[in-house]
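Structure below is target.csv: CSV, C-alpha atoms and all ligand atoms.
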```csv
chain,number,residue,atom,x,y,z
H,173,ARG,CA,132.8,19.7,74.3
H,174,PHE,CA,135.6,17.3,73.5
H,175,SER,CA,133.2,15.1,71.5
H,176,VAL,CA,133.3,17.6,68.7
H,177,ILE,CA,137.1,17.7,68.4
H,178,GLN,CA,138.4,16.4,65.0
H,179,THR,CA,141.6,14.3,64.9
H,180,ALA,CA,144.5,16.3,63.5
H,181,PRO,CA,146.5,14.8,60.6
H,182,PRO,CA,149.8,13.2,61.6
H,183,ASP,CA,152.8,15.5,61.5
H,184,ALA,CA,154.3,15.4,58.0
H,185,ILE,CA,157.8,14.5,59.3
H,186,LEU,CA,157.6,13.2,62.9
H,187,GLY,CA,154.3,11.3,62.2
H,188,LEU,CA,156.3,9.1,59.8
H,189,THR,CA,158.7,8.0,62.6
H,190,GLU,CA,155.6,7.0,64.6
H,191,ALA,CA,154.4,4.9,61.6
H,192,PHE,CA,158.0,3.5,61.2
H,193,ASN,CA,158.2,2.4,64.8
H,194,ALA,CA,154.9,0.6,64.4
H,195,ASP,CA,156.0,-1.2,61.2
H,196,PRO,CA,156.9,-4.9,61.8
H,197,ASN,CA,159.0,-5.1,58.6
H,198,PRO,CA,162.5,-6.3,59.7
H,199,GLY,CA,164.1,-4.6,56.7
H,200,LYS,CA,162.5,-1.2,57.3
H,201,MET,CA,164.5,2.0,56.8
H,202,ASN,CA,163.7,5.4,58.2
H,203,LEU,CA,164.9,8.2,55.9
H,204,SER,CA,162.3,10.7,57.0
H,205,VAL,CA,163.3,12.8,60.0
H,206,GLY,CA,166.5,14.8,59.8
H,207,VAL,CA,168.6,12.8,62.3
H,208,TYR,CA,172.1,11.7,61.7
H,209,LYS,CA,172.7,7.9,61.9
H,210,ASP,CA,175.9,5.9,61.8
H,211,GLU,CA,176.4,2.7,59.8
H,212,ASN,CA,174.6,0.7,62.4
H,213,GLY,CA,171.5,2.9,62.2
H,214,GLN,CA,172.3,4.5,65.6
H,215,THR,CA,172.3,8.2,66.5
H,216,PRO,CA,175.2,8.0,68.9
H,217,ILE,CA,176.0,10.5,71.7
H,218,LEU,CA,179.1,12.4,70.6
H,219,LYS,CA,182.2,11.6,72.7
H,220,SER,CA,182.7,15.3,73.3
H,221,VAL,CA,179.1,15.5,74.6
H,222,LYS,CA,179.6,12.6,77.0
H,223,ALA,CA,182.9,14.1,78.3
H,224,ALA,CA,181.2,17.4,78.9
H,225,GLU,CA,178.3,15.8,80.7
H,226,GLN,CA,180.7,14.1,83.0
H,227,LYS,CA,182.3,17.4,83.8
H,228,ILE,CA,178.9,18.9,84.4
H,229,LEU,CA,177.9,16.0,86.7
H,230,ASP,CA,181.0,16.6,88.8
H,231,SER,CA,180.7,20.3,89.0
H,232,GLU,CA,177.1,21.4,88.7
H,233,ALA,CA,176.0,23.1,91.9
H,234,THR,CA,172.4,24.1,91.3
H,235,LYS,CA,169.3,23.3,89.3
H,236,GLY,CA,168.0,26.8,89.9
H,237,TYR,CA,166.3,28.7,87.1
H,238,LEU,CA,168.3,30.2,84.3
H,239,SER,CA,167.6,33.8,83.4
H,240,ILE,CA,165.0,34.3,80.7
H,241,ASP,CA,167.6,34.6,78.0
H,242,GLY,CA,169.7,31.6,79.2
H,243,LEU,CA,173.3,30.8,80.1
H,244,PRO,CA,175.6,33.8,79.5
H,245,GLU,CA,178.6,31.7,78.3
H,246,TYR,CA,176.3,29.7,76.0
H,247,ARG,CA,174.9,32.9,74.5
H,248,ALA,CA,178.5,34.2,73.9
H,249,ASP,CA,179.3,30.9,72.2
H,250,VAL,CA,176.3,31.2,69.9
H,251,ARG,CA,177.4,34.7,68.9
H,252,ASN,CA,180.9,33.5,68.1
H,253,LEU,CA,179.8,30.5,66.1
H,254,VAL,CA,177.2,32.4,64.1
H,255,PHE,CA,178.7,35.8,63.6
H,256,GLY,CA,182.4,35.3,64.3
H,257,GLU,CA,184.1,38.7,64.8
H,258,THR,CA,181.8,40.5,62.4
H,259,LEU,CA,179.5,42.4,64.7
H,260,ALA,CA,179.9,44.6,67.8
H,261,ALA,CA,178.6,42.5,70.8
H,262,ASP,CA,176.1,45.2,71.9
H,263,ARG,CA,174.3,45.0,68.6
H,264,VAL,CA,173.5,41.3,69.0
H,265,ALA,CA,171.0,39.9,71.6
H,266,VAL,CA,171.2,36.1,71.9
H,267,LEU,CA,168.5,34.1,73.8
H,268,GLN,CA,168.9,30.4,74.5
H,269,THR,CA,165.8,28.6,73.3
H,270,PRO,CA,164.4,25.1,73.4
H,271,GLY,CA,165.7,23.9,70.0
H,272,GLY,CA,165.5,25.6,66.7
H,273,THR,CA,161.8,25.3,66.7
H,274,GLY,CA,161.6,27.2,70.0
H,275,ALA,CA,163.8,29.9,68.4
H,276,LEU,CA,161.6,30.2,65.4
H,277,ARG,CA,158.4,30.4,67.5
H,278,VAL,CA,160.0,33.1,69.7
H,279,ALA,CA,161.0,35.0,66.5
H,280,ALA,CA,157.6,34.6,65.0
H,281,ASP,CA,155.8,35.8,68.2
H,282,PHE,CA,158.2,38.8,68.4
H,283,MET,CA,157.5,39.8,64.8
H,284,GLN,CA,153.8,39.3,65.1
H,285,THR,CA,153.6,41.6,68.1
H,286,GLN,CA,156.4,44.1,67.3
H,287,LEU,CA,156.2,44.3,63.5
H,288,PRO,CA,152.5,44.1,63.0
H,289,LYS,CA,152.6,45.0,59.3
H,290,ALA,CA,155.3,42.4,58.4
H,291,ARG,CA,154.6,39.4,56.3
H,292,ILE,CA,157.1,36.6,56.1
H,293,TRP,CA,158.3,35.3,52.7
H,294,MET,CA,159.2,31.7,52.8
H,295,PRO,CA,161.0,29.7,50.1
H,296,ASN,CA,158.9,27.2,48.2
H,297,PRO,CA,159.5,24.6,49.3
H,298,THR,CA,160.5,24.9,52.9
H,299,TRP,CA,160.6,22.8,56.1
H,300,ALA,CA,157.0,21.7,56.7
H,301,ASN,CA,157.1,23.2,60.2
H,302,HIS,CA,157.9,26.7,59.0
H,303,PRO,CA,154.4,27.6,57.7
H,304,ALA,CA,152.9,25.9,60.7
H,305,ILE,CA,154.9,27.9,63.2
H,306,PHE,CA,154.2,31.2,61.5
H,307,SER,CA,150.5,30.4,61.2
H,308,ALA,CA,150.4,29.4,64.9
H,309,ALA,CA,151.9,32.8,65.8
H,310,GLY,CA,149.4,34.6,63.6
H,311,LEU,CA,152.1,35.9,61.3
H,312,PRO,CA,151.0,36.3,57.7
H,313,SER,CA,153.2,34.4,55.2
H,314,GLU,CA,153.8,34.3,51.5
H,315,THR,CA,156.1,32.1,49.4
H,316,TYR,CA,158.8,33.0,46.9
H,317,ARG,CA,160.1,30.8,44.1
H,318,TYR,CA,163.2,28.8,45.0
H,319,LEU,CA,163.4,25.6,42.9
H,320,GLY,CA,164.1,25.6,39.2
H,321,ASP,CA,161.9,23.7,36.8
H,322,ASP,CA,164.3,20.8,36.9
H,323,ARG,CA,163.6,20.6,40.7
H,324,THR,CA,167.3,20.0,41.2
H,325,SER,CA,168.7,23.5,41.2
H,326,LEU,CA,168.1,27.0,42.6
H,327,ASP,CA,166.1,29.4,40.4
H,328,LEU,CA,168.0,32.5,41.5
H,329,ASP,CA,166.5,34.8,39.0
H,330,GLY,CA,163.0,33.6,39.8
H,331,MET,CA,163.6,34.0,43.5
H,332,LEU,CA,165.0,37.6,43.2
H,333,GLY,CA,162.3,38.6,40.7
H,334,ALA,CA,159.6,37.3,43.0
H,335,LEU,CA,161.0,39.3,45.9
H,336,ASP,CA,161.6,42.4,43.9
H,337,ASP,CA,158.1,42.4,42.4
H,338,ASN,CA,156.1,41.3,45.4
H,339,ALA,CA,157.8,41.9,48.8
H,340,LYS,CA,157.0,45.2,50.5
H,341,PRO,CA,159.5,47.2,52.6
H,342,GLY,CA,159.2,46.0,56.2
H,343,ASP,CA,158.3,42.4,55.2
H,344,ALA,CA,160.6,39.6,56.5
H,345,ILE,CA,162.3,36.9,54.4
H,346,LEU,CA,163.0,33.4,55.6
H,347,LEU,CA,166.3,32.1,54.4
H,348,HIS,CA,168.0,28.8,55.2
H,349,GLY,CA,171.5,29.7,56.3
H,350,CYS,CA,172.9,26.5,54.8
H,351,CYS,CA,171.8,22.9,53.9
H,352,HIS,CA,168.3,24.0,52.6
H,353,ASN,CA,165.6,21.8,54.1
H,354,PRO,CA,164.1,19.9,52.2
H,355,THR,CA,166.1,20.3,49.0
H,356,GLY,CA,169.7,20.4,50.0
H,357,ILE,CA,170.1,23.2,47.3
H,358,ASP,CA,172.0,26.2,48.6
H,359,PRO,CA,172.9,29.5,47.0
H,360,THR,CA,176.6,29.9,46.1
H,361,PRO,CA,178.6,32.7,47.8
H,362,GLU,CA,178.1,34.7,44.6
H,363,ASP,CA,174.3,34.1,44.8
H,364,TRP,CA,174.2,35.2,48.4
H,365,LYS,CA,175.6,38.6,47.3
H,366,GLN,CA,172.7,39.1,44.9
H,367,ILE,CA,170.2,37.9,47.5
H,368,ALA,CA,171.6,40.3,50.1
H,369,ALA,CA,171.5,43.1,47.6
H,370,VAL,CA,167.7,42.6,47.0
H,371,ILE,CA,167.1,42.3,50.7
H,372,ALA,CA,168.8,45.6,51.2
H,373,LYS,CA,167.1,47.3,48.2
H,374,LYS,CA,163.6,46.1,49.4
H,375,ASN,CA,164.4,46.8,53.1
H,376,LEU,CA,163.4,43.3,54.1
H,377,LEU,CA,164.1,41.8,57.5
H,378,PRO,CA,166.1,38.6,57.1
H,379,LEU,CA,165.1,35.7,59.3
H,380,ILE,CA,167.7,33.1,58.9
H,381,ASP,CA,167.1,29.5,60.0
H,382,PHE,CA,170.6,28.1,60.8
H,383,ALA,CA,170.0,24.5,61.9
H,384,TYR,CA,172.8,22.7,60.0
H,385,GLN,CA,176.0,24.7,60.6
H,386,GLY,CA,178.9,22.4,59.9
H,387,PHE,CA,177.0,19.9,57.7
H,388,GLY,CA,177.4,21.8,54.4
H,389,ASP,CA,181.1,22.7,53.8
H,390,GLY,CA,182.3,23.4,57.4
H,391,ILE,CA,181.5,25.5,60.4
H,392,GLU,CA,182.9,28.8,59.1
H,393,GLN,CA,182.1,28.1,55.4
H,394,ASP,CA,178.4,27.5,56.2
H,395,ALA,CA,178.1,31.0,57.8
H,396,VAL,CA,179.3,32.8,54.6
H,397,GLY,CA,175.7,33.4,53.3
H,398,LEU,CA,174.4,34.7,56.6
H,399,ARG,CA,177.4,37.0,57.1
H,400,THR,CA,177.1,38.2,53.5
H,401,VAL,CA,173.6,39.3,54.2
H,402,LEU,CA,174.7,41.1,57.3
H,403,GLU,CA,177.2,43.1,55.3
H,404,HIS,CA,174.2,44.6,53.4
H,405,VAL,CA,171.7,45.2,56.2
H,406,ASP,CA,171.9,46.2,59.9
H,407,GLU,CA,169.0,44.2,61.2
H,408,ALA,CA,168.4,40.5,61.2
H,409,ILE,CA,167.2,37.5,63.2
H,410,VAL,CA,169.0,34.2,63.2
H,411,CYS,CA,167.5,31.0,64.6
H,412,THR,CA,170.2,28.4,65.6
H,413,SER,CA,169.8,24.8,66.4
H,414,PHE,CA,172.4,22.5,67.9
H,415,SER,CA,170.3,19.4,67.5
H,416,LYS,CA,172.3,18.1,64.5
H,417,ASN,CA,175.8,19.5,64.9
H,418,PHE,CA,176.2,18.5,68.5
H,419,GLY,CA,173.7,15.6,68.2
H,420,LEU,CA,171.7,17.1,71.0
H,421,TYR,CA,168.3,16.4,69.5
H,422,SER,CA,166.3,15.6,72.6
H,423,GLU,CA,168.1,18.1,74.8
H,424,ARG,CA,166.4,20.9,72.8
H,425,VAL,CA,169.3,23.3,72.4
H,426,GLY,CA,168.9,26.4,70.2
H,427,ALA,CA,169.0,30.2,70.2
H,428,VAL,CA,167.4,33.2,68.7
H,429,SER,CA,169.9,36.0,67.9
H,430,LEU,CA,168.6,39.5,67.0
H,431,VAL,CA,170.9,41.9,65.3
H,432,ALA,CA,170.0,45.6,65.7
H,433,ALA,CA,171.4,48.8,64.2
H,434,ASP,CA,172.8,50.0,67.6
H,435,ALA,CA,173.0,49.1,71.3
H,436,PRO,CA,169.8,50.9,72.5
H,437,GLN,CA,167.6,49.3,69.8
H,438,CYS,CA,169.1,46.0,70.6
H,439,ALA,CA,168.3,46.4,74.3
H,440,ALA,CA,164.7,47.3,73.5
H,441,ALA,CA,164.2,44.4,71.2
H,442,LEU,CA,165.8,42.0,73.8
H,443,SER,CA,163.3,43.2,76.4
H,444,GLN,CA,160.5,42.3,74.1
H,445,LEU,CA,162.0,38.9,73.2
H,446,LYS,CA,162.2,38.2,76.9
H,447,ARG,CA,158.5,38.9,77.3
H,448,VAL,CA,157.8,36.4,74.5
H,449,VAL,CA,159.9,33.8,76.2
H,450,ARG,CA,158.4,34.5,79.7
H,451,THR,CA,154.9,33.9,78.4
H,452,ASN,CA,155.9,30.7,76.4
H,453,TYR,CA,158.2,28.6,78.6
H,454,SER,CA,159.5,31.2,81.1
H,455,ASN,CA,163.2,30.3,80.8
H,456,PRO,CA,165.2,27.7,78.9
H,457,PRO,CA,166.3,24.3,80.2
H,458,ARG,CA,169.9,24.3,81.4
H,459,HIS,CA,171.5,21.0,80.5
H,460,GLY,CA,171.9,21.2,76.7
H,461,GLY,CA,173.2,24.7,76.8
H,462,ALA,CA,175.6,23.7,79.6
H,463,ILE,CA,176.9,20.9,77.4
H,464,VAL,CA,177.6,23.2,74.5
H,465,ALA,CA,179.2,25.8,76.8
H,466,THR,CA,181.4,23.2,78.5
H,467,ILE,CA,182.7,21.8,75.2
H,468,LEU,CA,183.4,25.2,73.7
H,469,ALA,CA,185.2,26.4,76.9
H,470,ASP,CA,187.6,23.5,76.7
H,471,GLU,CA,190.2,23.4,73.8
H,472,GLN,CA,190.5,19.7,73.7
H,473,LEU,CA,186.8,19.1,73.8
H,474,THR,CA,186.3,21.7,71.1
H,475,GLU,CA,188.8,19.9,68.8
H,476,LEU,CA,187.1,16.6,69.5
H,477,TRP,CA,183.7,18.0,68.7
H,478,LYS,CA,185.0,19.6,65.4
H,479,GLU,CA,186.4,16.2,64.4
H,480,GLU,CA,183.2,14.4,65.3
H,481,LEU,CA,181.2,17.0,63.3
H,482,GLU,CA,183.6,16.6,60.3
H,483,THR,CA,183.2,12.8,60.5
H,484,MET,CA,179.4,13.2,60.3
H,485,ARG,CA,179.7,15.6,57.4
H,486,LEU,CA,182.1,13.4,55.4
H,487,ARG,CA,180.0,10.3,56.0
H,488,ILE,CA,177.0,12.1,54.4
H,489,THR,CA,179.1,13.1,51.4
H,490,LYS,CA,180.3,9.5,51.0
H,491,LEU,CA,176.7,8.2,51.2
H,492,ARG,CA,175.6,10.7,48.5
H,493,GLU,CA,178.4,9.4,46.2
H,494,GLN,CA,177.5,5.7,46.9
H,495,PHE,CA,173.8,6.4,46.3
H,496,VAL,CA,174.5,8.0,42.9
H,497,GLU,CA,176.9,5.2,41.9
H,498,THR,CA,174.6,2.4,43.1
H,499,MET,CA,171.6,4.0,41.3
H,500,LYS,CA,173.6,4.0,38.1
H,501,SER,CA,174.2,0.3,38.5
H,502,THR,CA,170.5,-0.5,38.9
H,503,GLY,CA,170.1,0.5,35.2
H,504,SER,CA,167.0,2.5,36.1
H,505,GLY,CA,168.1,5.2,33.7
H,506,HIS,CA,167.6,7.9,36.2
H,507,ASP,CA,170.6,10.2,36.8
H,508,PHE,CA,170.9,11.2,40.5
H,509,SER,CA,174.2,13.0,40.1
H,510,PHE,CA,172.5,16.2,41.2
H,511,LEU,CA,172.7,14.8,44.8
H,512,LEU,CA,176.5,15.5,44.6
H,513,ARG,CA,175.8,19.2,44.3
H,514,GLN,CA,173.4,19.3,47.2
H,515,LYS,CA,174.4,20.0,50.8
H,516,GLY,CA,173.6,18.7,54.2
H,517,MET,CA,171.3,15.9,55.3
H,518,PHE,CA,168.6,16.3,52.7
H,519,SER,CA,168.0,15.9,49.1
H,520,TYR,CA,164.9,16.3,47.0
H,521,SER,CA,164.8,13.0,45.2
H,522,GLY,CA,162.1,13.9,42.6
H,523,LEU,CA,160.0,10.9,43.8
H,524,SER,CA,156.3,11.5,43.5
H,525,PRO,CA,153.9,11.1,46.5
H,526,MET,CA,152.7,7.8,44.9
H,527,GLN,CA,156.2,6.5,44.6
H,528,VAL,CA,157.0,7.6,48.2
H,529,ASP,CA,153.9,5.7,49.2
H,530,GLU,CA,154.9,2.6,47.3
H,531,LEU,CA,158.4,2.7,48.9
H,532,LYS,CA,156.7,2.6,52.3
H,533,SER,CA,154.0,0.0,51.7
H,534,LYS,CA,156.1,-2.4,49.6
H,535,HIS,CA,159.6,-1.9,50.9
H,536,GLY,CA,159.2,-0.5,54.5
H,537,ILE,CA,161.3,2.6,53.4
H,538,TYR,CA,160.1,5.8,54.9
H,539,ILE,CA,160.8,9.2,53.2
H,540,VAL,CA,158.8,12.4,53.5
H,541,GLY,CA,155.9,12.8,51.1
H,542,SER,CA,157.5,15.6,49.2
H,543,GLY,CA,160.2,13.1,48.1
H,544,ARG,CA,162.8,14.5,50.6
H,545,ILE,CA,165.3,11.9,51.5
H,546,ASN,CA,167.4,12.1,54.7
H,547,VAL,CA,170.8,11.0,53.2
H,548,ALA,CA,172.2,10.7,56.7
H,549,GLY,CA,169.8,7.8,57.3
H,550,MET,CA,171.2,5.7,54.4
H,551,SER,CA,173.7,2.9,55.2
H,552,GLU,CA,176.5,1.4,53.1
H,553,THR,CA,175.4,-2.1,53.8
H,554,LYS,CA,171.7,-1.5,52.9
H,555,MET,CA,172.6,0.7,49.9
H,556,ASN,CA,172.0,-2.0,47.3
H,557,SER,CA,168.6,-3.0,48.6
H,558,PHE,CA,167.6,0.7,49.0
H,559,CYS,CA,168.6,1.6,45.5
H,560,GLU,CA,166.8,-1.5,44.0
H,561,ALA,CA,163.7,-0.4,45.9
H,562,VAL,CA,164.0,3.1,44.5
H,563,ALA,CA,164.6,1.8,41.0
H,564,SER,CA,161.5,-0.5,41.3
H,565,VAL,CA,159.2,2.4,42.2
H,566,LEU,CA,160.7,4.5,39.4
H,567,SER,CA,160.1,1.9,36.7
H,601,LIG,C1,163.5,17.6,59.9
H,601,LIG,O1,163.3,18.4,59.1
H,601,LIG,O2,163.4,16.3,59.7
H,601,LIG,C2,164.1,18.0,61.3
H,601,LIG,O3,164.3,19.4,61.3
H,601,LIG,C3,163.4,17.5,62.4
H,601,LIG,C4,162.0,18.1,62.6
H,601,LIG,O4,161.7,18.5,63.7
H,601,LIG,O5,161.2,18.1,61.6
```

Any chance you could give the structure as structure tokens?
Amino acid sequence: RFSVIQTAPPDAILGLTEAFNADPNPGKMNLSVGVYKDENGQTPILKSVKAAEQKILDSEATKGYLSIDGLPEYRADVRNLVFGETLAADRVAVLQTPGGTGALRVAADFMQTQLPKARIWMPNPTWANHPAIFSAAGLPSETYRYLGDDRTSLDLDGMLGALDDNAKPGDAILLHGCCHNPTGIDPTPEDWKQIAAVIAKKNLLPLIDFAYQGFGDGIEQDAVGLRTVLEHVDEAIVCTSFSKNFGLYSERVGAVSLVAADAPQCAAALSQLKRVVRTNYSNPPRHGGAIVATILADEQLTELWKEELETMRLRITKLREQFVETMKSTGSGHDFSFLLRQKGMFSYSGLSPMQVDELKSKHGIYIVGSGRINVAGMSETKMNSFCEAVASVLS
């Protein structure tokens, strides 16, 4: 029985952190997994989160199960953050999920069972876990063109053309709401209008992965694309993660939000989403959702959280600038100024798998095999040595 089981390959992203932890090199740097780090290489707990946890500790009265769809106040918060005032509440069903991955898997299972003819169109490239989740759910997937030939910009015409030519009415399209993972290349607000128009024309269901709200241009600004799409269609699914913007990685805090044309359709879809949840993990964990709800119910904590999020966002912008400048000073002759146009934690560096391998084996620098760099993992003090290592593998 078990003797015939083959060893699975390590996870393309999380497997690298396992290898990093086992690496004895004292100068090692982990720029693989999308986790924010401060100048000391730490992923600190936000002050707003600590304060909310203290409040919860003092007031929490039960560890009883949550309902299948989670904490009501948390669900209302997700609706406000994602959609603002744009939609009638009875057209949106929000379910609290264990992280953004949990949200995606619930959405995928829902689509596989309720929309049996749908295929999901994913951007090429996309987060390595997307195809794995859809395949695990038995949802057929296809890819659409996203990157231009320069691999530093969006090929909007190629993307729209691919969808227009190949997607069938009833298919779903995966979009990254902001801070595209792995490239950091986002559509402009003007691009989003064109994307939305093709989605409406082809009658596609948008599935929007929204894991980095607040890391691109700001909380509201990052929702512009998603809200533009929703001006053109009356159905969508949005998968939220609060891992990054609340720094709640290990608490697994996310949500799946379904937008329907009217209240009865929304209620029916919600009932099916609940069945998916019940057979996966029954109901979500309380603590992370309670943290978010406690922060957002308190004006001062909300302000503090917004400041902390802004600090993280601005630090990443500064690191992008320093990286570009320091690469210039290495004299490698490679222009990395495209990083300044990219958004969020990630950038597609253009490093080949061989160069990525050399960075790891010779310099103890870990980045994802595709060449994706987690900019948020860079540090000012290690910038020179990091850039020299990158220059040496490029030469
Ligand atoms: C990433 O892309 O690095 C993050 O979304 C973390 C993960 O689970 O892969």

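Selection of all polymer residues within 9 Å of ligand LIG 601 (chain H) on the basis of only C-alpha atoms and all ligand atoms gives H:Asp183, H:Ala184, H:Ile185, H:Leu186, H:Ser204, H:Val205, H:Gly206, H:Val207, H:Gly272, H:Thr273, H:Trp299, H:Ala300, H:Asn301, H:Asn353, H:Pro354, H:Ala383, H:Ser415, H:Lys416, H:Tyr421, H:Phe518, H:Val540, H:Asn546.
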
What residues have an atom no more than 8 Å from (179.8, 34.2, 62.0) in the file's own frame, counting all atoms listed in the file, and can you write them as a PDB file with C-alpha atoms, in the coordinates of the input?
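Result file is point30.pdb:
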```pdb
ATOM      1  CA  ARG H 251     177.400  34.700  68.900  1.00  0.00           C
ATOM      2  CA  ASN H 252     180.900  33.500  68.100  1.00  0.00           C
ATOM      3  CA  LEU H 253     179.800  30.500  66.100  1.00  0.00           C
ATOM      4  CA  VAL H 254     177.200  32.400  64.100  1.00  0.00           C
ATOM      5  CA  PHE H 255     178.700  35.800  63.600  1.00  0.00           C
ATOM      6  CA  GLY H 256     182.400  35.300  64.300  1.00  0.00           C
ATOM      7  CA  GLU H 257     184.100  38.700  64.800  1.00  0.00           C
ATOM      8  CA  THR H 258     181.800  40.500  62.400  1.00  0.00           C
ATOM      9  CA  GLU H 392     182.900  28.800  59.100  1.00  0.00           C
ATOM     10  CA  ALA H 395     178.100  31.000  57.800  1.00  0.00           C
ATOM     11  CA  VAL H 396     179.300  32.800  54.600  1.00  0.00           C
ATOM     12  CA  LEU H 398     174.400  34.700  56.600  1.00  0.00           C
ATOM     13  CA  ARG H 399     177.400  37.000  57.100  1.00  0.00           C
TER      14      ARG H 399
END
```

For Glu362 (chain H), which of H:Ser231, H:Gly386, H:Asp381, H:Thr400 is the closest residue, counting only C-alpha atoms?
H:Thr400

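Our summary of the geometry notes that CA of Leu402 (chain H) is positioned 17.6 Å from CA of Ala279 (chain H).
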
Taking 3 positions as the minimum chain separation for residues in the same chain, which residues sit within 12 Å of His459 (chain H) when counting only C-alpha atoms? Answer as number ranges by chain.
H: 221, 224-229, 232, 234-238, 242-243, 246, 268-270, 420, 422-426, 456, 462-466

State, in Å with one decimal place, the distance from CA of Gln514 (chain H) to CA of Gly356 (chain H).
4.8 Å

Find the residues around region 307-311 of chain H up to 7 Å (only C-alpha atoms counted), leave out those fewer than 5 positions away in its own chain, and share them as number ranges by chain.
H: 280-281, 284, 291

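When the distance limit is 9 Å and all atoms listed in the file are what count, the residues near Ile345 (chain H), minus those fewer than 4 positions from it on the same chain, are Arg291, Ile292, Trp293, Met294, Pro295, Leu335, Ala339, Ile371, Leu376, Leu377, Pro378, Leu379 and Ile380 of chain H.
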
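Shortest separation to Thr360 (chain H) among H:Phe282, H:Asp327, H:Ser413, H:Lys446 occurs at residue H:Asp327, atoms counted being all atoms listed in the file.
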
List the spatial neighbours of Thr502 (chain H) as a list in words - criterion: any atom at most 8 Å away, all atoms listed in the file, same-chain residues fewer than 2 positions off excluded.
Thr498, Met499, Lys500, Ser504, Cys559, Glu560 and Ala563 of chain H

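Of the listed residues (H:Pro216, H:Gly274, H:Gly522, H:Gly549), H:Gly522 comes nearest to Leu566 (chain H); the distances count all atoms listed in the file.
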
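Residue nearest Ala548 (chain H), chosen from H:His352, H:Met484, H:Leu445, H:Arg513 and counting all atoms listed in the file: H:Met484.
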
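With all atoms listed in the file as the atoms that count, the minimum distance from Gly536 (chain H) to the choices H:Ala561, H:Tyr453, H:Gly330, H:Leu523 is reached by H:Ala561.
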
Across H:Arg447, H:Lys478, H:Lys289, H:Lys515, the smallest distance to Asp394 (chain H), with all atoms listed in the file counted, is shown by H:Lys515

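We find CA of Asp321 (chain H) and CA of Gly390 (chain H) to be spaced 29.0 Å apart.
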
Could you give me, as a PDB file with C-alpha atoms, in the frame of the given file, the residues within 8 Å of Asn417 (chain H), counting only C-alpha atoms and dropping anything in the same chain fewer than 3 positions from it?
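What landed in part.pdb:
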```pdb
ATOM      1  CA  TYR H 384     172.800  22.700  60.000  1.00  0.00           C
ATOM      2  CA  GLN H 385     176.000  24.700  60.600  1.00  0.00           C
ATOM      3  CA  GLY H 386     178.900  22.400  59.900  1.00  0.00           C
ATOM      4  CA  PHE H 387     177.000  19.900  57.700  1.00  0.00           C
ATOM      5  CA  PHE H 414     172.400  22.500  67.900  1.00  0.00           C
ATOM      6  CA  LEU H 420     171.700  17.100  71.000  1.00  0.00           C
ATOM      7  CA  LEU H 481     181.200  17.000  63.300  1.00  0.00           C
TER       8      LEU H 481
END
```
